[in-house]
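The structure appears below as structure tokens.
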Protein chains: 2
Amino acid sequence: MTAPERLSASAIAAAVNAGETSAAAVMESTLARIAAYDAIQPQVWISRMAAEELLAQARIVDARVAAGERLPLAGVPYAAKDNIDVIGLETTAACPAFAYLPETSAMVITKLSAAGAICVGKTNLDQFATGLVGTRTPYGAPRNASNLAYVSGGSSSGSAVAVAAGLVAFALGTDTAGSGRVPAAFNHLVGLKPTRGRWSTRGLVPACRSLDCITVFTDSPADAQLLDSVIAGFDAADPFSRRPVDVPIRGGRIGIPRPDQRVFFGDLESEQLYNRALAVLGRIGELVEVDIAVLLEAAQLLYGGPWVAERTAAVGTLLRDNPEAIDPTVRSILEPGLTMSAVETWKGIYRLAALARHAEALWDSVDVLAFPTTGTIYRVAELSAEPVALNSNLGRYTNFVNLLDMAAIAVPAGARHNRTGFGITLIGPAHSDRGLIAMAQDYLAAAQLPEFPPLDTGDHMDTVKLAVVGAHLEGMPLHWQLSSRNARFVGAFTTAATYKLYAMAESVPPKPALVHSGDGGAAIALEVYEMGLAEFGSFVAEVPPPLAIGTVTLADGTSVKGFVAEPRAIVGARDITHLGGWRAYIGG
Amino acid sequence: MTAPERLSASAIAAAVNAGETSAAAVMESTLARIAAYDAIQPQVWISRMAAEELLAQARIVDARVAAGERLPLAGVPYAAKDNIDVIGLETTAACPAFAYLPETSAMVITKLSAAGAICVGKTNLDQFATGLVGTRTPYGAPRNASNLAYVSGGSSSGSAVAVAAGLVAFALGTDTAGSGRVPAAFNHLVGLKPTRGRWSTRGLVPACRSLDCITVFTDSPADAQLLDSVIAGFDAADPFSRRPVDVPIRGGRIGIPRPDQRVFFGDLESEQLYNRALAVLGRIGELVEVDIAVLLEAAQLLYGGPWVAERTAAVGTLLRDNPEAIDPTVRSILEPGLTMSAVETWKGIYRLAALARHAEALWDSVDVLAFPTTGTIYRVAELSAEPVALNSNLGRYTNFVNLLDMAAIAVPAGARHNRTGFGITLIGPAHSDRGLIAMAQDYLAAAQLPEFPPLDTGDHMDTVKLAVVGAHLEGMPLHWQLSSRNARFVGAFTTAATYKLYAMAESVPPKPALVHSGDGGAAIALEVYEMGLAEFGSFVAEVPPPLAIGTVTLADGTSVKGFVAEPRAIVGARDITHLGGWRAYIGG
């Protein structure tokens, strides 16, 4: 495969405005790309607009252009993280029990529509935007676009993958702890996290309402600037909105962490990539080592201080009334917020004010900071084993930014051998957004990064497909062993017509045995799931005798791993082959 | 009596700098005035510097001036509210159990010393600066300088009285809910409450740390401006400090509450005085009626929202470990802060942010607000009966100011017939301090207020002196009936040598009967207390037979009200006249 075809918002808009193509034609090809990627990662999306509706919107854009309007985002398809209200689609925040149908679109959506952009759908996320990984969702974890065994990063997981896979030209994310930067780094994207209040957050499900920013993932800093020019603006109806001002970056002093404060969690490759980025930065400015202890201390407040209770406040009564509706890891993070006191809250606010005063002094010695966006990346399977600690590692260089009222832009800085993206983040004081975008352009021009690695289309051994025929089918008693491993449903198929199915004697819960038969067999209904290697390994380890995991031939002649049985399985068992599948037996 | 001699900071400094007088001479007369007023209201002060120390400081100022320094506050005596650290004196915040000896002075004190001002002592306050009345203190409630039956206003009670009585040229207060403005109004003073963060709060015991301001009481706006020029400035070590900027007031549109929102709590006289002030304001600007509902709603948050927990946080472990050490009314305000949650706190912060956004819109239609500082004033006795509700009434026009990040200056606007001060407050957006001071000057020049009423020296019938001889003496079982009425100890005296004292039979607790005797009497020891008329009335109502309140002749021939007895009191009683007093009997 070659590098994915990425879309440029400005190029699309220019072509539509110039009449070189139409918004309708752009939308047709967008829909085709999305459909194709559905075979790989349908879980990028939580909901999508109907194709006819999207084409109708595209034709309206074409009509506006034909009438002489010059639209900065004419016909540009984009996606919105599913914690941002878009009229016509439910807002779920990745929690079905929380879902509601919004009466109006978020302010940013309204501005994008006016500029000619078209929202194709809502993307998956770490539930309530609480996470930096992408795995904390009941809609299936989006995987890294370059390597499906690895996390996409979060919480804006689906938005980053949608852009990285070339499905849309840009996607809106949000960012409280790093949710608009970490997935950018992991998927070789630009992620602009504007100054707090520069982009209206009206119509956003809050994470920490006092800190939240809406962000954008793009293929280039130029597109990020285009989006900022459309979206930035004071919104009198948003209490946290601020009048946008542009404070230039004053000089070329680039702050980097002191060597002993550069932590990569054992990931030597990320460390090498950061050193390579520093060499590039040294050509466009002067590198200045700074003590980042005060930033790291502020970062601890985000999950170790009263800001946790902002998240708790945001989910309303759900946490008390229906805690099982919340992802267990997210719940474990939100629950301490229920018992935190007002006095602790004020003490945390005072502590942050003191740290912010110390952090301000950084700007006396440097004009911008250039940190690794993350120190490393993890496999989805690793996250399942240690969901909180590894997530925290990923926030080391991002958590403090919103607390300390800074702006940031995440930019690609090369690929690991596993093809996942490594990135750096340029961080400046509030209102330095435009300066940061310009510096990101300078950096990328100087870096001359190699072409992005190809998209991972799933046809390699980092994941395994598994056929299930009995108690693991959707809705059956053991299906949770798949869903808890973030297994992706590939499809419902049948075996080749060479199998017999038995209902085993004395099996609890009732289970069948699929037995390859030399004669008299039939096509038996099954479901195929795909999961990571580690998850597959742990799944196999739990299969009890007389069942086993072997290889099953499908009707089309291909093979997948699947449930088979030891011979003793059919002792006293009942042959139910004539029913064609376990569901027919259990249901009857 | 004539109007009190008020001091001018600028006049004193000019005279000292010019060599027309010396700082030492100024201090000598200051000490004399303070000593004289001690006979009226010693409770203005919680602690004072030793006279020798003050004279030594004054001589240092004189030496600096002699050496050629030009000091903006050369030799100016001032007082500091006792929640501001001054090296050499304990900081109590009006709570003896909280007291500590500070290691350094507050930043404002340091600046004032450098400018040549001399701090003579620490003034009384509502405990932990929680109150607008002045009565919530174990050090005895300072009374209104113009009428001792009325509250001084608080929480900066002692500071306001010290300036009003001409003891010092200016005094530092603090202001969270109105503590720097309400006492200014009640005592015919100017009270500048600067923009939050304009004056460093380093070295201040917090009330609501996110809102607190240090303030100043002066005799004129010109002195307030002089003090601002000395004190304003960024303090990097104060997390809430802001760089001072001066944003001019843009025009002459003066916002006043809609008529239906002008509440004076039945005080027609205050309403008339406000109308008179509006007539003056109408000559210097254009009056614009505004809807103040959003301001009133924000005001409710200060004691009805999570900011209460800032007060709770400020007192540390004292509230849990030693609640009896805290004034009962203050305690009843702080205690709810212990159980307030973090989630409620954030919801309050969000609510304030929304209200602040609405309040901002006011500045589109007006350039400044001119509100009554308070709608009315209360007697000390009224506060004792209803300590929370009446205090809340006094905050109607002040509570919202700090929450909504506004600056304010309280200015005199005439006297009620009871001689207490009525005032208006000019309120502007953050950083309008200098504009407000200039407008206060314009207003006072236009208003041509009559001379301030004379100081109340206590020699009229608004208070009553009462002699006690038995169970009400200091340290005796019924003394609380005096202390709970804020009775002031006048002194220990004896009766004329014409009384007999009996220990009554079967009295619980043991009580004496003082009986005027035609022959064989003696001088009996007694203590004289002074209290408000209403308090006296309620005290008399509680005196059980056979005792009564009559008139007692003292050794010097003067008479005070005092305990006497019905004849039946001596039936079976023991004559203890030879002991000379009840304390000798009880002690023996």
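Each chain in the structure tokens gets a letter, A, B, ..., in the order shown, and its residues are numbered from 1; ligands are numbered from 1 in order too.
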
Hey, could you make a per-residue contact list for chain B against chain A with 10 Å as the cut-off, showing the nearest pair of atoms and its distance in Å to one decimal, counting only C-alpha atoms, sorted by chain and number, as CSV?
residue,atom,partner,partner_atom,distance
B:Cys208,CA,A:Trp346,CA,9.3
B:Arg209,CA,A:Tyr350,CA,8.0
B:Ser210,CA,A:Tyr350,CA,7.8
B:Ala236,CA,A:Arg357,CA,6.9
B:Ala237,CA,A:Arg357,CA,7.7
B:Asp238,CA,A:Ala354,CA,7.6
B:Pro239,CA,A:Ala354,CA,4.9
B:Phe240,CA,A:Ala353,CA,7.0
B:Ser241,CA,A:Arg357,CA,9.2
B:Pro306,CA,A:Ala342,CA,6.6
B:Trp307,CA,A:Trp346,CA,8.6
B:Val308,CA,A:Ala342,CA,8.9
B:Ala309,CA,A:Val343,CA,5.3
B:Glu310,CA,A:Trp346,CA,6.2
B:Arg311,CA,A:Val343,CA,8.8
B:Thr312,CA,A:Val343,CA,6.8
B:Ala313,CA,A:Val343,CA,5.3
B:Ala314,CA,A:Val343,CA,9.0
B:Gly316,CA,A:Val343,CA,9.6
B:Gly337,CA,A:Ala342,CA,6.9
B:Leu338,CA,A:Val343,CA,7.0
B:Thr339,CA,A:Ser341,CA,6.8
B:Met340,CA,A:Ala342,CA,5.2
B:Ser341,CA,A:Ser341,CA,4.2
B:Ala342,CA,A:Ala342,CA,4.4
B:Val343,CA,A:Ala313,CA,5.3
B:Glu344,CA,A:Ala342,CA,7.4
B:Thr345,CA,A:Ala342,CA,5.7
B:Trp346,CA,A:Glu310,CA,6.2
B:Lys347,CA,A:Ala313,CA,7.4
B:Ile349,CA,A:Ser210,CA,8.7
B:Tyr350,CA,A:Pro239,CA,7.8
B:Arg351,CA,A:Pro239,CA,8.9
B:Leu352,CA,A:Pro239,CA,8.8
B:Ala353,CA,A:Pro239,CA,5.3
B:Ala354,CA,A:Pro239,CA,4.9
B:Leu355,CA,A:Pro239,CA,8.1
B:Ala356,CA,A:Pro239,CA,7.7
B:Arg357,CA,A:Pro239,CA,5.7
B:His358,CA,A:Ala236,CA,8.5
B:Glu360,CA,A:Ala236,CA,9.6
B:Ala361,CA,A:Ala236,CA,9.3

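Omitting segment 152-156 of chain A and its sequence neighbours fewer than 3 positions away, and counting only C-alpha atoms, the residues within 7 Å are Lys81, Leu125, Asp126, Ala129, Thr130, Gly131, Leu132, Val133, Gly134, Pro142, Arg143, Asn144, Ala145, Ser159, Ala160, Val161, Gly173, Thr174, Ser179, Gly180, Val182, Pro183, Phe186 and Asn187 of chain A.
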
Mind the document's chain letters and residue numbers, and return as a VMD selection string the residues of segment 259-388 of chain B that DSSP labels helix (DSSP H, G or I).
chain B and resid 259 to 261 268 to 284 293 to 304 307 to 314 318 to 321 323 to 325 328 to 334 336 to 339 342 to 360 362 to 365 380 to 385

Filtered DSSP result for segment 356-416 of chain B, state strand (DSSP E or B), as a tab-separated table (two decimals) with C-alpha atoms, in the first residue's frame:
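Okay, this is what ended up in out_36.tsv:
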chain	number	residue	atom	x	y	z
B	368	VAL	CA	-20.67	53.85	35.72
B	369	LEU	CA	-23.24	52.79	38.33
B	370	ALA	CA	-24.30	54.96	41.28
B	371	PHE	CA	-26.10	52.88	43.90
B	372	PRO	CA	-26.95	53.48	47.52
B	379	ARG	CA	-29.02	49.70	65.81
B	406	MET	CA	-15.91	45.58	39.39
B	407	ALA	CA	-14.17	48.47	41.15
B	408	ALA	CA	-16.01	50.79	43.53
B	409	ILE	CA	-15.71	53.88	45.65
B	410	ALA	CA	-18.08	54.67	48.50
B	411	VAL	CA	-18.65	58.38	49.09
B	412	PRO	CA	-20.68	60.28	51.71
B	413	ALA	CA	-24.14	61.47	50.70
B	414	GLY	CA	-25.48	63.09	53.85
B	415	ALA	CA	-26.57	62.25	57.37

Would you list the contacts of Pro42 of chain B as number ranges by chain, taking every protein, DNA or RNA residue within 9 Å and counting only C-alpha atoms, but skipping same-chain residues closer than 6 positions in sequence?
B: 34-35, 140, 142

Generate the output file for the selected residues, N, CA, C and O atoms, as a compact mmCIF listing (two decimals), in the first residue's frame.
# COMPACT_ATOMS: atom_id res chain seq x y z
N ILE B 34 -5.83 59.37 70.24
CA ILE B 34 -6.20 57.96 70.46
C ILE B 34 -6.50 57.72 71.93
O ILE B 34 -7.49 57.07 72.28
N ALA B 35 -5.66 58.26 72.79
CA ALA B 35 -5.88 58.06 74.23
C ALA B 35 -7.22 58.66 74.65
O ALA B 35 -7.96 58.06 75.43
N GLY B 140 -15.58 43.29 71.59
CA GLY B 140 -16.53 44.38 71.80
C GLY B 140 -16.82 45.07 70.49
O GLY B 140 -15.92 45.36 69.71
N PRO B 142 -17.30 47.78 67.90
CA PRO B 142 -17.18 49.22 67.66
C PRO B 142 -18.55 49.77 67.26
O PRO B 142 -19.31 49.10 66.55

Non-local contacts of Phe265 of chain A (10 Å; only C-alpha atoms; under 4 positions in same chain excluded) as number ranges by chain
A: 270-271, 374-377, 390, 393-394

Keeping N, CA, C and O atoms for every residue in the selection just given, could you write it to a file as a short mmCIF file (atom, residue, chain, number, x, y, z; two decimals), in the first residue's frame?
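The resulting file, out-v6.cif, is shown below:
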data_model
loop_
_atom_site.label_atom_id
_atom_site.label_comp_id
_atom_site.auth_asym_id
_atom_site.auth_seq_id
_atom_site.Cartn_x
_atom_site.Cartn_y
_atom_site.Cartn_z
N SER A 270 10.76 6.70 20.54
CA SER A 270 10.16 8.02 20.69
C SER A 270 11.21 9.04 21.10
O SER A 270 11.21 10.18 20.63
N GLU A 271 12.11 8.61 21.96
CA GLU A 271 13.17 9.52 22.40
C GLU A 271 14.04 9.94 21.22
O GLU A 271 14.37 11.12 21.06
N THR A 374 3.44 13.06 23.29
CA THR A 374 3.40 12.00 24.31
C THR A 374 4.79 11.38 24.34
O THR A 374 5.56 11.49 23.38
N GLY A 375 5.09 10.67 25.44
CA GLY A 375 6.38 10.02 25.55
C GLY A 375 6.42 8.66 24.86
O GLY A 375 7.49 8.15 24.53
N THR A 376 5.24 8.08 24.63
CA THR A 376 5.18 6.77 24.01
C THR A 376 3.78 6.51 23.50
O THR A 376 2.95 7.43 23.48
N ILE A 377 3.53 5.29 23.05
CA ILE A 377 2.20 4.86 22.62
C ILE A 377 2.00 3.44 23.14
O ILE A 377 2.98 2.75 23.44
N LEU A 390 -1.52 3.80 32.35
CA LEU A 390 -0.92 4.06 31.04
C LEU A 390 -1.52 5.30 30.41
O LEU A 390 -0.83 6.09 29.76
N ASN A 393 0.27 8.23 31.76
CA ASN A 393 1.58 8.44 31.13
C ASN A 393 1.43 9.29 29.87
O ASN A 393 2.25 10.15 29.58
N LEU A 394 0.35 9.03 29.13
CA LEU A 394 0.18 9.74 27.86
C LEU A 394 -0.09 11.23 28.04
O LEU A 394 0.07 12.01 27.12
#
